[in-house]
Structure formats: C-alpha cells, structure tokens
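Asker: Sharing target-v8.cif, mmCIF, C-alpha atoms:
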data_structure
#
loop_
_atom_site.label_atom_id
_atom_site.label_comp_id
_atom_site.auth_asym_id
_atom_site.auth_seq_id
_atom_site.Cartn_x
_atom_site.Cartn_y
_atom_site.Cartn_z
CA MET A 8 6.35 10.23 20.09
CA ALA A 9 2.58 10.44 19.97
CA ALA A 10 0.62 7.21 19.76
CA THR A 11 -0.62 6.36 16.30
CA ALA A 12 -4.37 6.91 16.04
CA GLN A 13 -6.67 4.48 14.34
CA ALA A 14 -7.41 5.03 10.69
CA PRO A 15 -10.95 6.31 10.14
CA THR A 16 -13.48 3.85 8.81
CA THR A 17 -15.92 4.47 6.00
CA ASP A 18 -18.48 1.74 6.35
CA GLY A 19 -21.23 2.19 3.82
CA GLN A 20 -19.50 5.00 1.95
CA VAL A 21 -18.97 4.69 -1.77
CA PRO A 22 -15.77 6.18 -3.18
CA ILE A 23 -15.61 8.51 -6.11
CA ASP A 24 -14.22 6.10 -8.73
CA ALA A 25 -11.49 8.27 -10.16
CA ASP A 26 -10.81 6.50 -13.45
CA LEU A 27 -7.50 7.95 -14.67
CA MET A 28 -4.47 9.91 -13.64
CA ILE A 29 -4.71 12.62 -16.26
CA GLY A 30 -1.56 14.50 -15.45
CA ALA A 31 1.01 15.83 -13.09
CA ILE A 32 2.23 19.26 -12.08
CA VAL A 33 6.00 19.22 -11.67
CA GLU A 34 8.20 21.94 -10.23
CA VAL A 35 11.26 22.89 -12.27
CA ARG A 36 13.99 25.50 -12.20
CA ASP A 37 14.04 26.60 -15.83
CA LEU A 38 11.40 26.01 -18.50
CA ALA A 39 13.73 26.06 -21.49
CA GLU A 40 16.13 23.46 -20.10
CA THR A 41 13.14 21.41 -18.97
CA ARG A 42 11.70 21.37 -22.48
CA ARG A 43 15.06 20.38 -23.93
CA PHE A 44 15.23 17.44 -21.55
CA TYR A 45 11.66 16.15 -22.00
CA GLU A 46 11.35 16.64 -25.77
CA PRO A 47 13.20 13.41 -26.69
CA ILE A 48 10.99 11.47 -24.26
CA PHE A 49 7.67 13.03 -25.22
CA ARG A 50 8.18 12.98 -28.99
CA ASP A 51 7.35 9.28 -28.83
CA ARG A 52 3.82 10.39 -27.92
CA PRO A 53 3.29 13.38 -30.25
CA GLY A 54 1.34 16.11 -28.56
CA HIS A 55 1.68 19.85 -28.21
CA TRP A 56 3.69 22.19 -26.01
CA ARG A 57 2.33 25.43 -24.64
CA GLN A 58 4.09 28.05 -22.54
CA THR A 59 2.39 30.84 -20.63
CA GLY A 60 4.37 32.87 -18.12
CA LYS A 61 6.02 30.51 -15.66
CA SER A 62 4.11 27.44 -16.85
CA LEU A 63 5.01 25.00 -19.60
CA THR A 64 2.56 22.24 -20.50
CA TYR A 65 2.71 19.20 -22.73
CA THR A 66 -0.60 17.63 -23.68
CA TYR A 67 -0.96 14.20 -25.23
CA GLY A 68 -4.47 12.82 -25.58
CA GLN A 69 -6.18 12.86 -22.20
CA GLN A 70 -3.04 13.70 -20.22
CA THR A 71 -1.20 16.94 -19.55
CA ILE A 72 2.12 17.37 -17.80
CA GLU A 73 2.58 20.88 -16.46
CA PHE A 74 5.97 22.21 -15.48
CA VAL A 75 5.87 25.22 -13.19
CA GLN A 76 8.93 27.36 -12.75
CA LYS A 77 10.15 27.87 -9.18
CA PRO A 78 13.39 29.40 -7.95
CA ARG A 79 13.91 26.41 -5.64
CA PRO A 80 11.84 23.55 -7.05
CA ARG A 81 10.53 20.93 -4.63
CA THR A 82 12.07 17.80 -6.06
CA ILE A 83 13.10 14.55 -4.42
CA PRO A 84 16.14 13.28 -6.31
CA ASP A 85 17.03 10.60 -3.74
CA GLY A 86 13.75 8.87 -2.89
CA GLY A 87 10.84 6.97 -4.38
CA PHE A 88 9.12 10.01 -5.82
CA HIS A 89 9.13 9.67 -9.64
CA ASN A 90 7.05 9.77 -12.79
CA GLY A 91 7.08 6.97 -15.36
CA TYR A 92 6.52 8.11 -18.96
CA ARG A 93 5.66 5.72 -21.75
CA VAL A 94 7.82 5.41 -24.82
CA ARG A 95 7.88 2.68 -27.44
CA PRO A 96 9.84 -0.33 -26.11
CA GLY A 97 12.38 -0.16 -28.93
CA HIS A 98 13.09 3.48 -28.17
CA VAL A 99 14.04 3.24 -24.49
CA GLU A 100 17.74 2.67 -25.08
CA GLY A 101 18.04 5.28 -27.82
CA ILE A 102 16.30 7.98 -25.80
CA ALA A 103 18.43 7.15 -22.76
CA ARG A 104 21.58 7.34 -24.89
CA GLU A 105 20.51 10.67 -26.38
CA LEU A 106 19.85 12.18 -22.98
CA GLN A 107 23.08 10.77 -21.60
CA ALA A 108 24.99 12.38 -24.47
CA ALA A 109 23.30 15.66 -23.52
CA GLY A 110 24.66 15.36 -20.00
CA SER A 111 22.00 13.42 -18.06
CA ASP A 112 22.87 10.58 -15.74
CA VAL A 113 21.21 7.28 -16.66
CA ASN A 114 20.68 4.31 -14.34
CA TRP A 115 19.32 0.94 -15.40
CA TRP A 116 17.17 -0.46 -12.63
CA ARG A 117 14.11 -2.60 -12.11
CA GLU A 118 11.21 -2.34 -9.69
CA ASP A 119 8.90 -4.86 -8.02
CA ARG A 120 5.50 -4.38 -9.65
CA PRO A 121 5.29 -7.24 -12.19
CA GLU A 122 4.95 -4.76 -15.07
CA GLU A 123 8.25 -3.15 -13.97
CA HIS A 124 10.39 -6.25 -13.50
CA GLY A 125 12.48 -5.58 -16.60
CA LEU A 126 15.46 -3.25 -16.52
CA THR A 127 14.73 0.22 -17.79
CA ALA A 128 16.28 3.69 -17.77
CA TYR A 129 15.92 6.17 -14.91
CA LEU A 130 17.16 9.73 -15.21
CA HIS A 131 17.09 12.99 -13.31
CA ASP A 132 15.65 15.94 -15.17
CA PRO A 133 17.71 19.15 -14.91
CA SER A 134 15.82 20.13 -11.74
CA GLY A 135 16.33 16.79 -10.00
CA ASN A 136 12.97 15.08 -10.64
CA ILE A 137 13.35 11.34 -11.21
CA VAL A 138 12.02 10.19 -14.58
CA GLN A 139 11.48 6.58 -15.58
CA LEU A 140 11.17 5.48 -19.20
CA VAL A 141 8.42 2.85 -19.49
CA GLY A 142 8.50 0.81 -22.67
CA SER A 143 4.93 0.34 -23.88
CA ASP A 144 3.25 -0.30 -27.20
CA ASP A 145 -0.01 1.00 -25.77
CA GLY A 146 -0.11 4.46 -27.31
CA ASP A 147 -3.06 5.70 -25.26
CA LEU A 148 -1.07 7.31 -22.50
CA LEU A 149 2.00 9.40 -21.83
CA LEU A 150 2.08 9.19 -18.03
CA ASP A 151 2.13 5.50 -17.11
CA HIS A 152 2.46 5.88 -13.37
CA ALA A 153 3.59 8.19 -10.64
CA ALA A 154 5.13 7.28 -7.30
CA ILE A 155 5.01 9.24 -4.06
CA GLU A 156 6.60 8.73 -0.65
CA VAL A 157 4.39 7.98 2.33
CA HIS A 158 4.84 7.22 6.01
CA ALA A 159 1.22 6.63 7.07
CA TYR A 160 -0.03 3.86 4.82
CA ASP A 161 -3.47 3.52 6.33
CA TYR A 162 -4.30 7.19 6.08
CA CYS A 163 -2.96 7.44 2.54
CA GLU A 164 -4.87 4.35 1.43
CA HIS A 165 -7.90 6.04 2.91
CA VAL A 166 -7.38 8.98 0.56
CA TYR A 167 -6.46 7.16 -2.63
CA VAL A 168 -8.61 4.02 -2.24
CA LYS A 169 -11.53 4.77 0.03
CA THR A 170 -12.00 8.41 -0.92
CA ILE A 171 -11.15 8.76 -4.60
CA GLY A 172 -11.67 5.11 -5.50
CA GLY A 173 -8.41 3.59 -6.74
CA ARG A 174 -7.95 -0.14 -6.46
CA VAL A 175 -4.94 -1.86 -4.89
CA SER A 176 -3.25 -3.65 -7.79
CA TYR A 177 0.01 -4.81 -6.21
CA TYR A 178 1.80 -4.64 -2.90
CA HIS A 179 5.34 -5.46 -1.86
CA GLY A 180 7.00 -6.10 1.47
CA TRP A 181 4.32 -8.30 3.03
CA ARG A 182 5.53 -11.59 1.59
CA VAL A 183 8.23 -14.05 2.57
CA ASP A 184 9.29 -14.03 -1.08
CA ASP A 185 9.74 -10.25 -0.93
CA GLU A 186 12.12 -10.70 1.99
CA LYS A 187 14.06 -13.38 0.12
CA GLU A 188 14.41 -11.07 -2.89
CA ALA A 189 15.76 -8.35 -0.62
CA LYS A 190 18.50 -10.70 0.58
CA LEU A 191 19.48 -11.29 -3.06
CA TRP A 192 19.74 -7.53 -3.48
CA GLY A 193 21.88 -7.40 -0.35
CA SER A 194 24.32 -9.79 -1.95
CA GLY A 195 24.68 -7.37 -4.87
CA ASP A 196 23.00 -9.49 -7.52
CA ASP A 197 19.81 -7.57 -8.17
CA PRO A 198 19.75 -4.10 -9.80
CA CYS A 199 16.69 -2.82 -7.96
CA ALA A 200 15.80 0.85 -7.92
CA PRO A 201 17.29 2.17 -4.68
CA TRP A 202 13.93 3.17 -3.19
CA THR A 203 12.68 -0.43 -3.36
CA ARG A 204 15.20 -1.91 -0.93
CA ARG A 205 17.03 -0.84 2.16
CA ASP A 206 19.58 -2.10 4.56
CA ASN A 207 17.44 -1.72 7.62
CA PRO A 208 18.33 -3.26 10.99
CA GLY A 209 15.83 -3.03 13.80
CA TRP A 210 16.76 -2.61 17.43
CA TYR A 211 16.81 -6.37 17.98
CA ASP A 212 19.41 -6.73 15.21
CA LEU A 213 21.68 -4.36 17.11
CA VAL A 214 21.36 -6.02 20.51
CA GLY A 215 24.68 -7.54 21.44
CA HIS A 216 26.54 -5.96 18.53
CA LYS A 217 29.74 -4.36 19.82
CA GLY A 218 30.81 -2.25 16.83
CA PRO A 219 29.14 0.68 15.06
CA ALA A 220 25.52 0.20 14.03
CA SER A 221 26.51 0.79 10.41
CA GLU A 222 28.23 -2.61 10.45
CA VAL A 223 24.92 -4.41 10.85
CA LYS A 224 23.42 -5.21 7.47
CA VAL A 225 19.81 -6.37 7.27
CA PRO A 226 18.45 -6.11 3.72
CA ARG A 227 14.69 -5.62 3.66
CA PRO A 228 12.10 -4.85 1.01
CA VAL A 229 10.70 -1.34 1.09
CA THR A 230 6.96 -1.46 1.65
CA GLN A 231 5.11 -0.46 -1.51
CA VAL A 232 1.45 -0.34 -2.49
CA PHE A 233 0.31 0.32 -6.04
CA ILE A 234 -3.16 1.67 -6.70
CA GLY A 235 -4.77 1.50 -10.12
CA PHE A 236 -6.78 4.30 -11.68
CA GLY A 237 -7.85 2.85 -15.01
CA LYS A 238 -4.69 2.20 -17.00
CA THR A 239 -2.59 4.44 -14.76
CA GLN A 240 -0.99 3.52 -11.46
CA LEU A 241 -0.06 5.39 -8.32
CA GLY A 242 2.79 3.89 -6.33
CA MET A 243 3.04 4.58 -2.61
CA ILE A 244 6.63 4.00 -1.50
CA SER A 245 7.55 3.81 2.16
CA ALA A 246 9.66 6.86 2.89
CA SER A 247 13.08 6.28 4.36
CA LYS A 248 13.63 9.93 5.21
CA VAL A 249 11.54 12.60 6.85
CA ARG A 250 11.33 15.59 4.52
CA GLN A 251 10.16 19.10 5.21
CA GLU A 252 6.53 19.56 4.17
CA LEU A 253 4.90 22.79 3.12
CA PRO A 254 2.94 24.66 5.82
CA GLU A 255 -0.12 22.65 6.74
CA GLU A 256 -2.61 25.29 5.60
CA ILE A 257 -1.49 24.85 1.99
CA ILE A 258 -3.91 22.48 0.28
CA ARG A 259 -3.35 23.50 -3.35
CA GLY A 260 0.39 22.87 -3.45
CA THR A 261 2.83 21.42 -5.93
CA PRO A 262 4.11 19.01 -7.08
CA ARG A 263 0.64 17.62 -7.63
CA LEU A 264 -1.00 14.66 -9.33
CA VAL A 265 -4.20 15.15 -11.30
CA PHE A 266 -6.99 12.58 -11.33
CA ARG A 267 -10.28 12.47 -13.20
CA THR A 268 -13.75 11.31 -12.21
CA GLN A 269 -16.90 11.06 -14.28
CA ARG A 270 -18.98 12.23 -11.33
CA SER A 271 -20.45 15.70 -11.14
CA PRO A 272 -18.71 18.25 -8.91
CA GLU A 273 -21.66 18.31 -6.48
CA ASP A 274 -21.63 14.53 -6.17
CA ALA A 275 -17.84 14.26 -5.86
CA PHE A 276 -17.46 17.12 -3.37
CA GLY A 277 -20.25 15.68 -1.24
CA ARG A 278 -18.61 12.28 -1.17
CA ILE A 279 -15.23 13.75 -0.27
CA SER A 280 -16.85 15.67 2.59
CA ALA A 281 -18.54 12.50 3.83
CA VAL A 282 -15.50 10.23 3.65
CA LEU A 283 -12.40 12.37 4.16
CA PRO A 284 -11.69 13.64 7.67
CA LEU A 285 -9.44 16.34 6.23
CA SER A 286 -10.18 19.78 4.92
CA PHE A 287 -10.06 20.17 1.16
CA GLU A 288 -10.57 23.01 -1.26
CA HIS A 289 -12.47 23.21 -4.50
CA ASP A 290 -13.35 25.53 -7.29
CA GLU A 291 -16.14 25.02 -9.79
CA ARG A 292 -15.15 21.55 -11.06
CA THR A 293 -11.96 20.55 -9.25
CA ALA A 294 -11.25 19.37 -5.71
CA TYR A 295 -7.81 19.88 -4.16
CA ILE A 296 -6.63 17.48 -1.48
CA ARG A 297 -3.45 17.18 0.54
CA ASP A 298 -2.84 13.62 1.66
CA PRO A 299 -1.73 12.92 5.26
CA ASP A 300 1.92 12.81 4.22
CA GLY A 301 1.82 16.17 2.47
CA ASN A 302 1.46 14.96 -1.13
CA PHE A 303 -0.90 17.04 -3.24
CA LEU A 304 -3.58 15.84 -5.61
CA GLU A 305 -6.45 17.31 -7.52
CA LEU A 306 -9.59 15.65 -8.77
CA ARG A 307 -11.25 17.04 -11.89
CA CYS A 308 -14.94 16.29 -12.20
CA GLU A 309 -16.12 15.66 -15.73
CA GLY A 310 -19.68 14.57 -14.98
CA MET B 6 1.88 -15.95 40.11
CA ALA B 7 2.09 -13.80 37.00
CA GLU B 8 -1.43 -12.43 37.54
CA VAL B 9 -2.13 -12.13 33.84
CA GLU B 10 -5.59 -10.94 32.91
CA SER B 11 -6.46 -12.36 29.54
CA ILE B 12 -5.13 -13.08 26.09
CA SER B 13 -4.34 -9.73 24.51
CA HIS B 14 -3.56 -10.60 20.93
CA SER B 15 -2.11 -13.20 18.62
CA GLY B 16 0.51 -13.11 15.93
CA MET B 17 -0.68 -14.83 12.78
CA VAL B 18 1.94 -15.85 10.26
CA ALA B 19 1.61 -16.52 6.57
CA PRO B 20 3.74 -16.47 3.43
CA ASP B 21 1.77 -13.36 2.38
CA SER B 22 0.77 -11.41 5.45
CA ARG B 23 -1.34 -8.84 3.60
CA ALA B 24 -3.31 -11.59 1.84
CA VAL B 25 -4.11 -13.25 5.17
CA HIS B 26 -5.09 -9.86 6.54
CA ASP B 27 -7.49 -9.35 3.64
CA TRP B 28 -8.91 -12.81 4.31
CA TYR B 29 -9.67 -11.93 7.92
CA GLU B 30 -11.56 -8.87 6.70
CA GLU B 31 -13.50 -10.61 3.98
CA VAL B 32 -14.29 -13.87 5.73
CA LEU B 33 -14.26 -13.12 9.46
CA GLY B 34 -15.34 -9.48 9.37
CA GLY B 35 -12.08 -8.11 10.73
CA LYS B 36 -11.23 -4.42 10.66
CA TRP B 37 -7.86 -3.19 9.46
CA MET B 38 -6.39 -1.09 12.25
CA GLU B 39 -2.84 -0.18 11.38
CA THR B 40 -0.30 -1.16 8.75
CA VAL B 41 2.94 0.12 10.21
CA SER B 42 3.58 0.73 13.83
CA ARG B 43 6.38 3.17 14.51
CA ASN B 44 7.45 0.91 17.35
CA TYR B 45 8.40 -1.67 14.75
CA GLU B 46 10.39 0.57 12.48
CA GLY B 47 13.87 -0.37 11.56
CA THR B 48 16.51 2.27 11.93
CA ARG B 49 16.07 3.33 8.31
CA GLY B 50 12.31 3.21 7.81
CA ALA B 51 9.21 1.24 8.52
CA ASN B 52 8.49 -2.37 7.67
CA ALA B 53 5.05 -3.66 6.77
CA HIS B 54 3.50 -4.86 9.99
CA SER B 55 -0.26 -4.86 9.99
CA CYS B 56 -2.76 -5.47 12.74
CA GLY B 57 -6.52 -5.70 12.87
CA ILE B 58 -9.39 -6.62 15.13
CA ILE B 59 -12.20 -9.10 15.09
CA ALA B 60 -14.71 -7.99 17.71
CA ASP B 61 -12.43 -7.39 20.74
CA TYR B 62 -9.65 -9.66 19.55
CA LEU B 63 -6.47 -8.10 18.17
CA TYR B 64 -4.30 -9.92 15.68
CA VAL B 65 -1.06 -8.97 14.01
CA THR B 66 0.34 -10.56 10.88
CA PHE B 67 3.89 -11.45 9.93
CA PRO B 68 5.36 -12.90 6.76
CA ARG B 69 6.94 -16.21 7.71
CA ASP B 70 7.90 -19.37 5.91
CA ARG B 71 6.96 -22.62 7.61
CA ASP B 72 5.84 -26.10 6.81
CA VAL B 73 2.09 -26.46 6.94
CA ASP B 74 -0.20 -29.43 6.52
CA GLY B 75 -1.95 -29.99 3.22
CA SER B 76 -5.12 -28.02 2.62
CA ASP B 77 -7.21 -31.14 3.21
CA VAL B 78 -6.28 -31.02 6.92
CA LEU B 79 -8.85 -28.73 8.49
CA ARG B 80 -8.73 -29.56 12.15
CA GLY B 81 -5.77 -28.76 14.34
CA GLY B 82 -2.99 -30.54 12.56
CA GLY B 83 -0.34 -32.32 14.56
CA ASP B 84 -0.42 -30.16 17.67
CA SER B 85 -4.11 -29.13 17.63
CA PHE B 86 -3.11 -25.47 18.04
CA ARG B 87 -5.87 -23.15 16.85
CA HIS B 88 -7.76 -19.96 17.55
CA ALA B 89 -11.44 -20.42 18.40
CA TYR B 90 -14.04 -17.66 17.95
CA SER B 91 -17.46 -17.90 19.50
CA VAL B 92 -20.80 -16.87 18.07
CA SER B 93 -24.24 -17.11 19.58
CA ARG B 94 -26.10 -20.34 19.03
CA ASP B 95 -28.54 -18.46 16.81
CA ARG B 96 -25.77 -17.29 14.54
CA PHE B 97 -23.91 -20.57 14.29
CA GLU B 98 -25.83 -21.80 11.23
CA GLY B 99 -25.27 -18.42 9.61
CA ALA B 100 -21.55 -18.67 10.24
CA MET B 101 -21.44 -22.03 8.49
CA GLN B 102 -23.37 -20.64 5.54
CA TRP B 103 -21.02 -17.65 5.41
CA LEU B 104 -18.02 -19.96 5.09
CA LEU B 105 -19.76 -21.96 2.37
CA ASP B 106 -20.57 -18.73 0.52
CA HIS B 107 -16.90 -17.73 0.68
CA ASP B 108 -15.61 -21.15 -0.46
CA VAL B 109 -13.96 -21.87 2.87
CA PRO B 110 -14.03 -25.64 3.50
CA PHE B 111 -14.71 -26.65 7.08
CA GLU B 112 -15.05 -29.78 9.14
CA GLY B 113 -18.10 -30.24 11.34
CA PRO B 114 -20.24 -29.25 12.96
CA VAL B 115 -18.96 -31.36 15.81
CA THR B 116 -21.29 -31.62 18.81
CA HIS B 117 -19.46 -31.55 22.14
CA PRO B 118 -20.46 -33.41 25.33
CA GLU B 119 -23.77 -32.18 26.67
CA ARG B 120 -22.50 -31.00 30.06
CA GLY B 121 -19.45 -29.24 28.69
CA PRO B 122 -19.13 -25.50 28.05
CA ILE B 123 -19.03 -25.70 24.28
CA GLY B 124 -22.05 -26.71 22.22
CA GLN B 125 -20.81 -27.21 18.67
CA SER B 126 -17.73 -26.35 16.63
CA ILE B 127 -16.62 -26.13 13.04
CA TYR B 128 -12.96 -26.27 12.06
CA PHE B 129 -11.25 -24.57 9.14
CA ARG B 130 -8.09 -22.72 8.14
CA ASP B 131 -7.24 -19.26 6.91
CA ASN B 132 -5.40 -18.72 3.62
CA GLY B 133 -2.09 -18.72 5.45
CA GLY B 134 -2.70 -22.19 6.86
CA ASN B 135 -3.51 -21.11 10.43
CA TYR B 136 -6.10 -23.28 12.17
CA LEU B 137 -9.38 -21.70 13.27
CA GLU B 138 -12.59 -22.76 14.93
CA ILE B 139 -16.01 -21.21 15.37
CA CYS B 140 -18.14 -22.48 18.21
CA TRP B 141 -21.19 -21.62 20.26
CA ARG B 142 -21.08 -21.90 24.02
CA ARG B 143 -23.66 -23.45 26.30
CA ASP B 144 -22.60 -21.21 29.17
CA VAL B 145 -22.98 -17.95 27.30
CA GLY B 146 -25.78 -16.66 29.58
CA LYS B 147 -23.74 -16.94 32.75
CA LYS B 148 -22.26 -13.80 34.22
CA PHE B 149 -19.02 -15.55 35.07
CA ASN B 150 -17.89 -18.59 33.22
CA PRO B 151 -15.92 -20.84 35.54
CA VAL B 152 -14.08 -23.64 33.84
CA ILE B 153 -16.20 -26.76 34.00
CA MET B 154 -15.09 -30.13 32.91
CA ALA B 155 -17.18 -32.16 30.56
CA SER B 156 -18.74 -35.36 31.87
CA VAL B 157 -18.65 -38.09 29.38
#
Would you write the structure of this file as structure tokens?
Answerer:
Amino acid sequence: MAATAQAPTTDGQVPIDADLMIGAIVEVRDLAETRRFYEPIFRDRPGHWRQTGKSLTYTYGQQTIEFVQKPRPRTIPDGGFHNGYRVRPGHVEGIARELQAAGSDVNWWREDRPEEHGLTAYLHDPSGNIVQLVGSDDGDLLLDHAAIEVHAYDYCEHVYVKTIGGRVSYYHGWRVDDEKEAKLWGSGDDPCAPWTRRDNPGWYDLVGHKGPASEVKVPRPVTQVFIGFGKTQLGMISASKVRQELPEEIIRGTPRLVFRTQRSPEDAFGRISAVLPLSFEHDERTAYIRDPDGNFLELRCEG
Amino acid sequence: MAEVESISHSGMVAPDSRAVHDWYEEVLGGKWMETVSRNYEGTRGANAHSCGIIADYLYVTFPRDRDVDGSDVLRGGGDSFRHAYSVSRDRFEGAMQWLLDHDVPFEGPVTHPERGPIGQSIYFRDNGGNYLEICWRRDVGKKFNPVIMASV
C-alpha cells in the first residue's frame, strides 16, 4: 500500500465562505415512485414539484432537491451516506407510520451530534437512499443535513473547510467518552445508527486469539466530523467499506451536494484554483468539485 | 548498545485528542499532518488517530483516561515528566507573551545555573493536562552540544 502523503497546507489562503447547503441531487430508479415516497415528508415544508424529462425537483424556499432517473442509481443503502429532511417534530411518527404502511422499512435510531441524540425515523426510499426525518420547528429549511462517507479525512476537510469555508461544528471518535459510549452500544443498550459504531478489532486485539477473528468483539466509535454551512450541516462519516467510484475524469457526477456562496464566480473560482490541488470544472456561475473520496459537490456563486 | 539516534516522536494523551491537537496548533504553532494512518486501521475501518508536527518534532494524540493533577499544578507534577521546547533567547519573551495572550497560565521564568546548558524556562500544561516547558539554551551557538553538568 502506498504511503499516505501529507495533506496540502493553505497558509494565508482565505476560503470561500459557502453559507448554505442549498440542495442535493439524488439518483433514483423511477420518478413516480420517488415522488410518492417523498410527498408525505416534503408536504411538511410546502413547496413545488417540477418534472422535466428524467429529472424531478422539489423546491422549498432556498433549497431544491433534484431526483435524477438512472437505470442503476448510485445509492448506498448500508453506509453513512444519507440526507436528513426537516419535518415538524410532532409529525415524525405519523409520517414514519404512513410510509411504513405504504411498504417502507422504518428504523428508530439516534446519532452522535448533540442535535441528533434523540431517536428518530430512518427509512430507505424506493431506490435505496437513506432518509432521516429531522424534527424541527425551524421552518426555514427542508434539507437539514447530508452525510457522506470518507476515508481520507485530512483531504476532505481541506475541500469542505479550507476550500469552501465550512466550519467544524462537532466531531466524534476522538474522545474517551466516545469510546465509552461505543462499549455501551456493544452491550446492546444503545440504538445508534449502524454507521456510527462498529465492532472493530485491530491486529493487536487478534494477537494470541486462537479462534476465528469474528469472535473478537471490540466496539469502537466511527470517526465523524460535522461541518456547518450556515444552518445546514455536512457530516463526514468514516467509511467501513471500499466502494467503487466513478472514473476519475468525471468531476460533474451524481449524487451531488449543492452549496452556495455570496462571492462572485471570478472570486470563487480564483480561490478554488489557489487552494485546491485538484482539477475542477465550472460554467458561468457554478464550480463542480469531486472530493478526494469521490463525493461530488457544486458551488453556486450568487455574488 | 541500541545505537539509537534521537527522539523520534511522542504520544500525547488526553480525554479529547482532537481538542489537544487543536491546542497544539493554536498555541504552539503545530501543523496538522494526518488524521488517520492506514497502519492503525482496525479490521473494519479506520480509527481517529491524528499526528502533527511542531518544527521538527512529531507528536501523535490518543484519547485516554487518566488521573491528572489539578490545573493549578503547572510544573512537572509528581514525576516531573514533561516535554521541553526550545526557542532562541530573543524569542523567549515573545513566547511568554504568546502564552499570556492565549490565556495559558505558566510558572516562571525560572533562571537556571549560569554554567548549565539551559538559560531560562517557563512551565505550563496543554489542555489535556500534559506538562510542557519552553526554554532558551545557553549553548545554542555551539556546533555540537555535549552534555555539560551545571556547577552550582
């Protein structure tokens, strides 16, 4: 395995100050079944649907969720990749029940970010995307947060913090208390979302063990870093699997998160060029970036 | 003889290893080098394990629970174990001011014996309770610094 290179430094560089996650582009198999699934969730934040060709969008205020139809959608139904949508707190259970009656699976889990400590409903949409219902009386937003899987934390923090200007709001897995909580989960007493914990022995845990490695149980917290963009959050979840990425020349891929900056395109593109040691693409007002773990994002310049 | 060359790195422990890492950046000018080393992965994924550098000194951080002295103890604790960084004599005052500006309490400066290698030291702790020292050396201009014993 190749040695890990040092993360680039950006001394003296000022990031772009992206101030909101204004949407997500999600791959789905069928637009009609997708709309049927999301309508009960989104009706809590009344907006408008629009369908053109193989694209279905839902816009609420400043945010737009776009569903693009693909024959084999890129979804991660068994990892940390998920979107959290806001609904009124008193509606979480009813929406979950309605979707369950329509055939969706519902799990009641919690996560580690303080705002996500309470149990809430997690579902798979018909294409396999994980959806979290986030109870919130703040009616400003539809998309509360999105979570992606990463392997290379330093490089990804370089993209989301040092390049586009998010701020680390919470991290998990660096504290003794996080390790103690993981042991509680290991004993079966803590309904954590599965991507937040893992039974994860290291080589030293296996030394001297005579039986199969699967017998060795070492509960650990999954490393997580949350990055704030205004009222929205991006969660970076340590990946426990290696997944096939799209070919490396694809920069404008999906699924994709959409961020906003108040800077002008010239200013933003110049700063990206100065700070990011990766190629990126842009059109008139939008930059397209692929992070070092193959997650896609776009940055819309409103200045 | 083991024929070791020098100290390579230290493992710093704290209840919150990322917080202590941030402290080394903000207060001591450290540079974050790497969060997760693949060599330290478990069999089912990586665990947070960060390392950084201060000048040519490499440190790694681990979350660990341990009993530490109260925050009023600034110098060495029971076993006097600490990491000491050196600055030039010219920068020593600046280092003290830097700690004051960052609300880091310290003890000193303590002036060492005149014929010893170390001129003055200040003693303080990081936010994980690890003991630290900043000193300037009298023998800094020498090409090779043999160990000399202080005469008191």
Asker: Would you list the contacts of Phe129 in chain B as a PyMOL selection string, taking every protein, DNA or RNA residue within 7 Å and counting all atoms listed in the file, but skipping same-chain residues closer than 3 positions in sequence?
Answerer: chain B and resi 79-80+110-112+136-138
Asker: Report as a ChimeraX atom specification the residues that result from applying the PyMOL selection byres ((chain B and resi 15) around 12) to the structure here.
Answerer: /B:11-14,16-18,56-59,62-67,87-89,135
Asker: With the PyMOL selection byres ((chain A and resi 94-101) around 6) as the selection, what would be picked from this file? Answer as a list in words, please.
Answerer: Asp51, Arg93, Ile102, Ala103, Arg104, Val141, Gly142, Ser143 and Asp144 of chain A
Asker: Do a neighbour search on Asp212 in chain A at 9 Å with all atoms listed in the file, toss out local chain neighbours closer than 5 positions, and write the hits as a ChimeraX atom specification.
Answerer: /A:223-225
Asker: Residues around (17.2, -3.6, 3.2), cut-off 8 Å, counting all atoms listed in the file - what are they as a ChimeraX atom specification?
Answerer: /A:189-190,193,204-208,224-229
Asker: Check the smallest atom-to-atom distance from each of B:Gly35, B:Pro68, B:Gly99, B:Gly113 to chain A using all atoms listed in the file, then report the winner.
Answerer: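 Among the listed residues, B:Pro68 lies closest to chain A.
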Asker: Applying the PyMOL selection byres ((chain A and resi 179) around 9) to the file I just gave you, which residues come out? Please list them as a list in words.
Answerer: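 In the shown coordinates, the PyMOL selection byres ((chain A and resi 179) around 9) covers Asp119, Arg120, Tyr177, Tyr178, Gly180, Trp181, Arg182, Asp185, Pro228, Val229, Thr230, Gln231, Val232 and Phe233 of chain A; Ala53 of chain B.
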Asker: Kindly give the distance, in Å, that separates CA of Asp112 in chain A and CA of Pro84 in chain A, rounded to a single decimal.
Answerer: 11.9 Å
Asker: For Val35 in chain A, work out the shell of residues within 9 Å, counting all atoms listed in the file and skipping chain neighbours fewer than 3 positions away, then give it as a list in words.
Answerer: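 That gives Leu38, Thr41, Phe74, Val75, Gln76, Lys77, Pro78, Arg79, Pro80, Arg81, Thr82, Asp132, Pro133, Ser134, Gly135 and Asn136 of chain A.
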Asker: Enter the distance from CA of Glu164 in chain A to CA of Thr293 in chain A, in Å, rounded to one decimal.
Answerer: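 These atoms are spaced 20.7 Å apart.
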Asker: Measuring atom to atom with all atoms listed in the file, identify which of B:Pro122, B:Pro114, B:Gly75, B:Gly133 is nearest to chain A.
Answerer: B:Gly133
Asker: Could you check which of B:Glu98, B:Asp84, B:Asp144, B:Asp131 is closest to Ser22 in chain B, using all atoms listed in the file?
Answerer: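 Under the stated criterion, the closest residue is B:Asp131.
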Asker: So which one's closest to Asp61 in chain B, B:Lys36, B:Asp106, B:Ser76, B:Thr116? Using all atoms listed in the file, please.
Answerer: B:Lys36
